[in-house]
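Asker: Once you've had a glance at the structure underneath, I'll fire off some questions.
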Amino acid sequence: LLINSNHSIVIKIKELAVKSSGYSGAEIVSVCREAALYAIEEIDMKAQKVDKNEEPTIQMHHVIRSLHKTKRQITTEMLEFYSSFGSGK
């Protein structure tokens with residue numbers, strides 16, 4: 001989801017995978033969108049000091065902040081149900 005966005009090379013994919021374990025696809029989309037909004041907000045806060053054409057860069061701290069805000073809605077029971085449903089049990 002971040003591939004088409006301007007993002008920092010220091011985003012740690014393995015760390016994010018661990019921190020977002022159990023999140024649904026829709027929740028991951030929400031986390032990425034929220035992180036992008038945090039990056040835009042950061043640019044807005046320092047607007048007088050930056051080039052007007054500067055694109056916001058999504059950085060690790062934006063994603064972590066977004067993960068803290070976006071709580072996982074999928075329960076362990078739901079994951080088990082979907083797992084057993086897919087395996088035919």
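The way I read the labels, and the way they are meant: chains A, B, ... in the order of the structure tokens, residue 1 as the first residue of every chain, and ligand 1 as the first ligand shown, with later ones counted on from there.
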Which residues, written as a ChimeraX atom specification, have at least one atom at most 8 Å from His62 of chain A, with only C-alpha atoms counted and residues fewer than 5 positions away on the same chain left out?

Answerer: /A:35-36,38-39

Asker: When you count only C-alpha atoms, which of these residues is closest to Ser30 of chain A: A:Ile43, A:Lys69, A:Ala17, A:Pro56?

Answerer: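 So, comparing all the options, the nearest one is A:Lys69.
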
Asker: Using only C-alpha atoms, which of A:Glu42, A:Glu34, A:Glu15, A:Glu55 sits nearest Thr70 of chain A?

Answerer: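 The closest residue to Thr70 of chain A is A:Glu34.
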
Asker: What is the distance between atom CA of Ile74 of chain A and atom CA of Gly22 of chain A, in Å to one decimal?

Answerer: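 Computed distance, atom CA of Ile74 of chain A to atom CA of Gly22 of chain A, equals 6.8 Å.
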